[in-house]
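Asks: See input37.txt below, with compact mmCIF, C-alpha atoms and all ligand atoms.
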# COMPACT_ATOMS: atom_id res chain seq x y z
CA MET B 1 84.39 105.86 77.33
CA LYS B 2 85.02 103.51 80.27
CA GLU B 3 81.88 101.58 81.36
CA ASP B 4 80.41 102.59 84.74
CA PHE B 5 81.16 99.67 87.07
CA THR B 6 77.97 100.25 89.11
CA GLU B 7 75.91 99.34 86.02
CA LYS B 8 77.83 96.15 85.31
CA TYR B 9 78.05 95.17 89.00
CA SER B 10 74.84 96.44 90.54
CA ILE B 11 75.34 95.26 94.13
CA SER B 12 72.28 94.42 96.26
CA GLN B 13 70.95 97.29 98.34
CA LYS B 14 70.56 94.91 101.28
CA ILE B 15 74.30 94.20 101.26
CA MET B 16 75.04 97.92 101.05
CA ARG B 17 72.68 98.50 103.99
CA PHE B 18 74.44 95.88 106.16
CA VAL B 19 77.84 97.35 105.22
CA GLY B 20 76.62 100.86 106.04
CA GLU B 21 75.25 99.72 109.42
CA ALA B 22 78.49 97.99 110.41
CA ILE B 23 80.57 100.99 109.35
CA ARG B 24 78.30 103.34 111.34
CA ASP B 25 77.99 101.12 114.45
CA TYR B 26 81.76 100.82 114.80
CA SER B 27 82.91 104.16 113.29
CA MET B 28 85.01 102.28 110.77
CA ILE B 29 85.65 105.03 108.22
CA MET B 30 86.84 108.54 109.00
CA PRO B 31 87.33 111.47 106.59
CA GLY B 32 90.68 111.21 104.82
CA ASP B 33 91.22 107.52 105.64
CA ARG B 34 93.56 105.70 103.28
CA ILE B 35 92.10 102.20 103.16
CA MET B 36 93.99 99.14 101.96
CA ILE B 37 91.78 96.15 101.12
CA GLY B 38 93.30 92.77 101.94
CA LEU B 39 92.38 90.87 98.78
CA SER B 40 92.44 87.07 98.70
CA GLY B 41 90.60 86.65 95.42
CA GLY B 42 87.76 84.84 97.19
CA LYS B 43 84.10 85.94 97.07
CA ASP B 44 84.31 87.82 100.40
CA SER B 45 87.14 90.16 99.46
CA LEU B 46 85.59 90.78 96.03
CA ILE B 47 82.22 91.76 97.52
CA LEU B 48 84.09 93.91 100.06
CA SER B 49 86.02 95.67 97.27
CA LEU B 50 82.84 96.30 95.28
CA ALA B 51 80.91 97.58 98.32
CA LEU B 52 83.74 99.96 99.31
CA ALA B 53 84.13 101.18 95.72
CA VAL B 54 80.39 101.97 95.61
CA LEU B 55 80.59 103.66 99.01
CA ARG B 56 83.59 105.74 97.96
CA ARG B 57 81.47 107.11 95.17
CA ARG B 58 78.27 107.68 97.22
CA SER B 59 79.49 108.66 100.66
CA PRO B 60 79.94 112.29 101.73
CA VAL B 61 82.89 111.00 103.80
CA LYS B 62 85.88 111.08 101.47
CA PHE B 63 88.44 108.25 101.66
CA ASP B 64 91.04 106.55 99.43
CA LEU B 65 91.08 102.90 98.39
CA ALA B 66 93.83 100.53 97.29
CA ALA B 67 94.18 96.75 97.48
CA PHE B 68 96.92 94.27 98.27
CA LEU B 69 96.95 90.60 97.30
CA ILE B 70 99.26 87.98 98.79
CA ASP B 71 99.70 84.99 96.50
CA GLN B 72 100.37 82.38 99.18
CA THR B 73 101.23 79.70 96.63
CA GLY B 74 104.50 81.55 96.04
CA GLY B 75 103.62 82.59 92.48
CA THR B 76 101.40 80.02 90.76
CA MET B 77 98.12 81.92 91.21
CA ASP B 78 96.65 83.43 88.02
CA THR B 79 95.77 86.98 89.06
CA SER B 80 94.84 88.39 85.65
CA MET B 81 91.04 88.39 86.20
CA LEU B 82 91.43 90.00 89.61
CA GLU B 83 93.62 92.72 88.15
CA GLY B 84 90.97 93.38 85.47
CA PHE B 85 88.16 93.57 88.06
CA MET B 86 90.04 95.93 90.39
CA ASN B 87 90.90 98.08 87.40
CA GLU B 88 87.17 98.31 86.56
CA LEU B 89 86.48 99.45 90.14
CA GLY B 90 89.27 102.03 89.92
CA ILE B 91 91.24 100.43 92.75
CA THR B 92 95.01 100.05 92.42
CA LEU B 93 96.11 96.50 93.18
CA SER B 94 99.58 95.43 94.31
CA THR B 95 100.55 91.77 94.47
CA PHE B 96 103.12 90.00 96.62
CA LYS B 97 104.22 86.39 96.24
CA HIS B 98 104.81 84.43 99.44
CA PRO B 99 105.47 80.67 99.83
CA THR B 100 103.14 80.28 102.85
CA TYR B 101 101.94 76.75 102.01
CA LYS B 102 105.50 75.53 101.45
CA ILE B 103 106.59 76.97 104.82
CA ILE B 104 103.62 75.32 106.59
CA LYS B 105 104.62 71.97 105.06
CA GLU B 106 108.31 72.34 105.95
CA ARG B 107 107.50 73.31 109.55
CA ASP B 108 104.87 70.56 109.77
CA GLU B 109 102.62 73.12 111.48
CA ARG B 110 100.12 71.65 113.93
CA SER B 111 97.76 74.63 113.54
CA PRO B 112 98.30 75.66 109.92
CA CYS B 113 95.35 78.04 109.89
CA SER B 114 96.29 80.12 112.89
CA PHE B 115 99.93 80.25 111.70
CA CYS B 116 98.77 81.24 108.21
CA ALA B 117 96.22 83.82 109.41
CA ASN B 118 98.75 85.50 111.74
CA LEU B 119 101.39 85.57 109.02
CA ARG B 120 98.96 87.00 106.46
CA ARG B 121 97.60 89.63 108.85
CA GLY B 122 101.17 90.71 109.70
CA MET B 123 102.16 90.96 106.02
CA LEU B 124 98.98 92.89 105.16
CA ALA B 125 99.38 95.34 108.05
CA SER B 126 103.08 95.92 107.31
CA HIS B 127 102.34 96.53 103.64
CA ALA B 128 99.46 98.86 104.53
CA LYS B 129 101.79 100.91 106.74
CA GLU B 130 104.63 100.96 104.20
CA SER B 131 102.30 102.14 101.46
CA GLY B 132 100.89 104.96 103.59
CA ALA B 133 97.49 103.39 104.37
CA ASN B 134 96.13 103.88 107.90
CA VAL B 135 93.29 101.34 107.60
CA LEU B 136 93.29 97.71 106.53
CA ALA B 137 89.87 96.36 105.41
CA LEU B 138 89.31 92.61 105.68
CA GLY B 139 86.46 90.50 104.29
CA HIS B 140 85.43 88.64 107.47
CA HIS B 141 81.67 88.08 107.53
CA LYS B 142 79.09 87.06 110.13
CA ASP B 143 79.81 83.31 109.83
CA ASP B 144 83.55 83.93 110.32
CA ALA B 145 82.83 85.85 113.54
CA VAL B 146 80.50 83.12 114.88
CA GLU B 147 83.00 80.37 113.97
CA THR B 148 85.76 82.30 115.75
CA VAL B 149 83.61 82.49 118.89
CA ILE B 150 82.96 78.71 118.75
CA LEU B 151 86.65 77.93 118.14
CA ASN B 152 87.81 80.15 121.01
CA LEU B 153 85.17 78.73 123.32
CA PHE B 154 85.59 75.03 122.53
CA TYR B 155 89.34 74.88 121.84
CA GLY B 156 90.63 77.84 123.86
CA GLY B 157 88.16 78.06 126.77
CA ARG B 158 87.47 81.76 126.22
CA PHE B 159 84.45 83.70 125.01
CA LYS B 160 86.06 86.11 122.59
CA CYS B 161 86.19 87.33 119.01
CA TYR B 162 88.14 89.92 117.03
CA GLN B 163 86.81 93.48 117.06
CA PRO B 164 85.01 94.82 113.96
CA ASN B 165 87.27 97.91 114.25
CA MET B 166 90.60 97.29 115.94
CA PHE B 167 93.73 99.41 116.25
CA MET B 168 96.98 97.45 115.90
CA SER B 169 99.53 99.34 117.96
CA ARG B 170 102.59 97.57 116.47
CA THR B 171 101.88 98.78 112.93
CA GLU B 172 99.59 101.69 113.88
CA VAL B 173 97.06 100.44 111.36
CA ARG B 174 93.34 100.09 112.09
CA VAL B 175 91.77 96.83 110.95
CA ILE B 176 88.13 97.08 109.90
CA ARG B 177 85.64 94.35 108.91
CA PRO B 178 82.69 95.97 107.10
CA LEU B 179 81.05 92.60 106.22
CA VAL B 180 80.56 91.40 109.83
CA TYR B 181 76.76 91.70 109.65
CA ILE B 182 76.43 89.68 106.43
CA GLU B 183 75.98 85.92 106.25
CA GLU B 184 78.37 83.97 104.04
CA ARG B 185 75.58 82.44 101.96
CA ARG B 186 74.29 85.91 101.03
CA ILE B 187 77.80 86.91 99.92
CA ALA B 188 78.20 83.69 97.90
CA LEU B 189 74.86 84.21 96.14
CA GLU B 190 75.66 87.82 95.35
CA ALA B 191 79.14 87.01 94.01
CA ALA B 192 77.58 84.36 91.75
CA ARG B 193 74.72 86.64 90.66
CA LEU B 194 77.17 89.38 89.67
CA ASN B 195 79.52 86.85 88.10
CA LEU B 196 82.50 88.23 90.02
CA PRO B 197 85.89 86.77 89.01
CA VAL B 198 86.40 84.65 92.13
CA THR B 199 89.99 83.38 91.99
CA SER B 200 90.87 81.46 95.12
CA ALA B 201 94.23 79.80 95.43
CA CYS B 202 93.54 76.19 96.36
CA CYS B 203 94.82 75.72 99.90
CA PRO B 204 95.93 72.15 100.71
CA TYR B 205 94.92 72.62 104.36
CA SER B 206 91.40 73.98 103.99
CA GLU B 207 89.69 70.58 104.32
CA LYS B 208 91.49 69.77 107.56
CA SER B 209 90.93 73.00 109.41
CA LYS B 210 89.27 73.26 112.82
CA ARG B 211 87.28 76.12 111.34
CA LEU B 212 85.55 73.62 109.08
CA SER B 213 84.47 71.61 112.17
CA ALA B 214 83.10 74.80 113.76
CA LYS B 215 81.21 75.56 110.53
CA LYS B 216 79.69 72.07 110.60
CA ILE B 217 78.63 72.44 114.26
CA ILE B 218 76.89 75.74 113.47
CA GLU B 219 75.24 74.34 110.33
CA ASP B 220 73.85 71.37 112.28
CA MET B 221 72.56 73.56 115.12
CA GLU B 222 71.06 76.07 112.71
CA LYS B 223 68.53 73.43 111.65
CA GLU B 224 67.03 73.60 115.16
CA ILE B 225 67.89 77.21 115.98
CA PRO B 226 67.62 79.26 112.75
CA GLU B 227 68.67 82.48 114.49
CA ILE B 228 71.79 80.94 116.08
CA LYS B 229 74.30 83.23 114.30
CA SER B 230 72.43 86.41 115.20
CA ASN B 231 72.19 85.19 118.80
CA VAL B 232 75.95 84.69 119.01
CA ILE B 233 76.57 88.18 117.56
CA HIS B 234 74.03 89.58 120.05
CA ALA B 235 75.88 87.85 122.91
CA LEU B 236 79.18 89.38 121.71
CA LYS B 237 77.66 92.84 121.93
CA ASN B 238 75.98 92.30 125.31
CA VAL B 239 78.27 90.60 127.80
CA LEU B 240 77.05 91.56 131.27
CA GLU B 241 79.46 91.68 134.16
CA SER B 242 76.89 89.87 136.29
CA ASP B 243 76.86 86.95 133.85
CA VAL B 244 80.56 86.08 134.14
CA TRP B 245 82.25 84.36 137.05
S1 LIG S 301 92.63 77.15 105.09
FE1 LIG S 301 94.65 77.50 104.15
S2 LIG S 301 94.62 79.66 103.49
FE2 LIG S 301 92.94 79.38 104.95
S3 LIG S 301 93.84 79.96 106.92
FE3 LIG S 301 94.04 77.72 106.72
S4 LIG S 301 96.08 77.44 105.88
FE4 LIG S 301 95.55 79.57 105.51
Hey, can you dump this file as structure tokens for me?

Replies:
Amino acid sequence: MKEDFTEKYSISQKIMRFVGEAIRDYSMIMPGDRIMIGLSGGKDSLILSLALAVLRRRSPVKFDLAAFLIDQTGGTMDTSMLEGFMNELGITLSTFKHPTYKIIKERDERSPCSFCANLRRGMLASHAKESGANVLALGHHKDDAVETVILNLFYGGRFKCYQPNMFMSRTEVRVIRPLVYIEERRIALEAARLNLPVTSACCPYSEKSKRLSAKKIIEDMEKEIPEIKSNVIHALKNVLESDVW
């Protein structure tokens, strides 16, 4: 008999509570939703997959799950452990090979991360639509949201972030981010505790990204203001008309 994955991967109740709150606050999952998880192989998308697989089993709201992985190395990523893990969760995984890093190098992209993120989001949304999914679930967490605010503010001069639940009219797919209330370090600890098969393709641009500078700014400030990330999220939820020029 197949082992029950919730015994092998007994996810923290605190993580499940944060996921539940985010899903409720932003009405992320509706009855009959066909959800496609955008899998990268990193800790975030693995925790997301596990949390949604647990929720699918527990929730009175019935929904379908599948996952899609883009191997951005063009085919050198070893996906065998990921396939095994998704199989244990009962989630069908499709894989697509794309030479993203090669294209970035050939184009000598000045902003490799925004080019890469846009490309990946487009490919994920198109695949979700083609495969009949109406929702795309991404593993962005609280730190990602705060870093995005800092990047937009400091480099783009705008106070803005992506929505936790956002309808993309071009593909008619809804993008949801159920991990937005969870800090990255909590996700990292949980992925290590559960010994999840984290399989990240090594990106040659990760060390140079502006996002890394934003992460460093937040880390430094957090020493003086421990609640800095929660304050930024609070500000995102409470922009008053009287506070803007
Ligand atoms: S670090 Fe690499 S994989 Fe991540 S967004 Fe930037 S280019 Fe893409």

Asks: Quick one: of B:Ser10, B:Ala133, B:Leu93, B:Thr199, who's nearest to Met77 of chain B, counting all atoms listed in the file?

Replies: B:Thr199

Asks: Using only C-alpha atoms and all ligand atoms, tabulate the residues of chain B lying at most 9 Å from any atom of ligand LIG 301 (chain S), each with its closest atom pair and that distance in Å to one decimal, by chain and increasing residue number, as a tab-separated table.

Replies:
residue	atom	partner	partner_atom	distance
B:Gln72	CA	S:LIG301	S2	7.7
B:Thr100	CA	S:LIG301	FE4	8.1
B:Tyr101	CA	S:LIG301	S4	7.1
B:Ile104	CA	S:LIG301	S4	7.9
B:Ser111	CA	S:LIG301	S4	8.3
B:Pro112	CA	S:LIG301	S4	4.9
B:Cys113	CA	S:LIG301	FE3	3.4
B:Ser114	CA	S:LIG301	S3	6.5
B:Phe115	CA	S:LIG301	S4	7.5
B:Cys116	CA	S:LIG301	FE4	4.5
B:Ala117	CA	S:LIG301	S3	5.2
B:Asn118	CA	S:LIG301	S3	8.8
B:Arg120	CA	S:LIG301	FE4	8.2
B:Ala201	CA	S:LIG301	S2	8.1
B:Cys202	CA	S:LIG301	FE1	8.0
B:Cys203	CA	S:LIG301	FE1	4.6
B:Pro204	CA	S:LIG301	FE1	6.5
B:Tyr205	CA	S:LIG301	FE1	4.9
B:Ser206	CA	S:LIG301	S1	3.6
B:Glu207	CA	S:LIG301	S1	7.2
B:Lys208	CA	S:LIG301	S1	7.9
B:Ser209	CA	S:LIG301	S1	6.2
B:Lys210	CA	S:LIG301	FE3	8.9
B:Arg211	CA	S:LIG301	S1	8.3
B:Leu212	CA	S:LIG301	S1	8.9

Asks: Tell me which of B:Ser94, B:Asn134, B:Asn87, B:Ser49 sits closest to Phe68 of chain B, counting only C-alpha atoms.

Replies: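 Using only C-alpha atoms, the shortest distance to Phe68 of chain B belongs to B:Ser94.
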
Asks: Mind giving me the straight-line distance from atom CA of Arg34 of chain B to atom CA of Asp4 of chain B in Å, one decimal?

Replies: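 About the pair atom CA of Arg34 of chain B and atom CA of Asp4 of chain B: they are 22.9 Å apart.
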
Asks: Grab the atom CA of Pro99 of chain B to atom CA of Ala66 of chain B distance for me, in Å with one decimal place.

Replies: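 So the answer is 23.2 Å.
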
Asks: Neighbouring residues of Ala128 of chain B were defined as those with any atom within 9 Å, considering all atoms listed in the file; residues of the same chain fewer than 5 positions away were excluded. Please report them as a ChimeraX atom specification.

Replies: /B:35-37,68,123,133-136,171,173
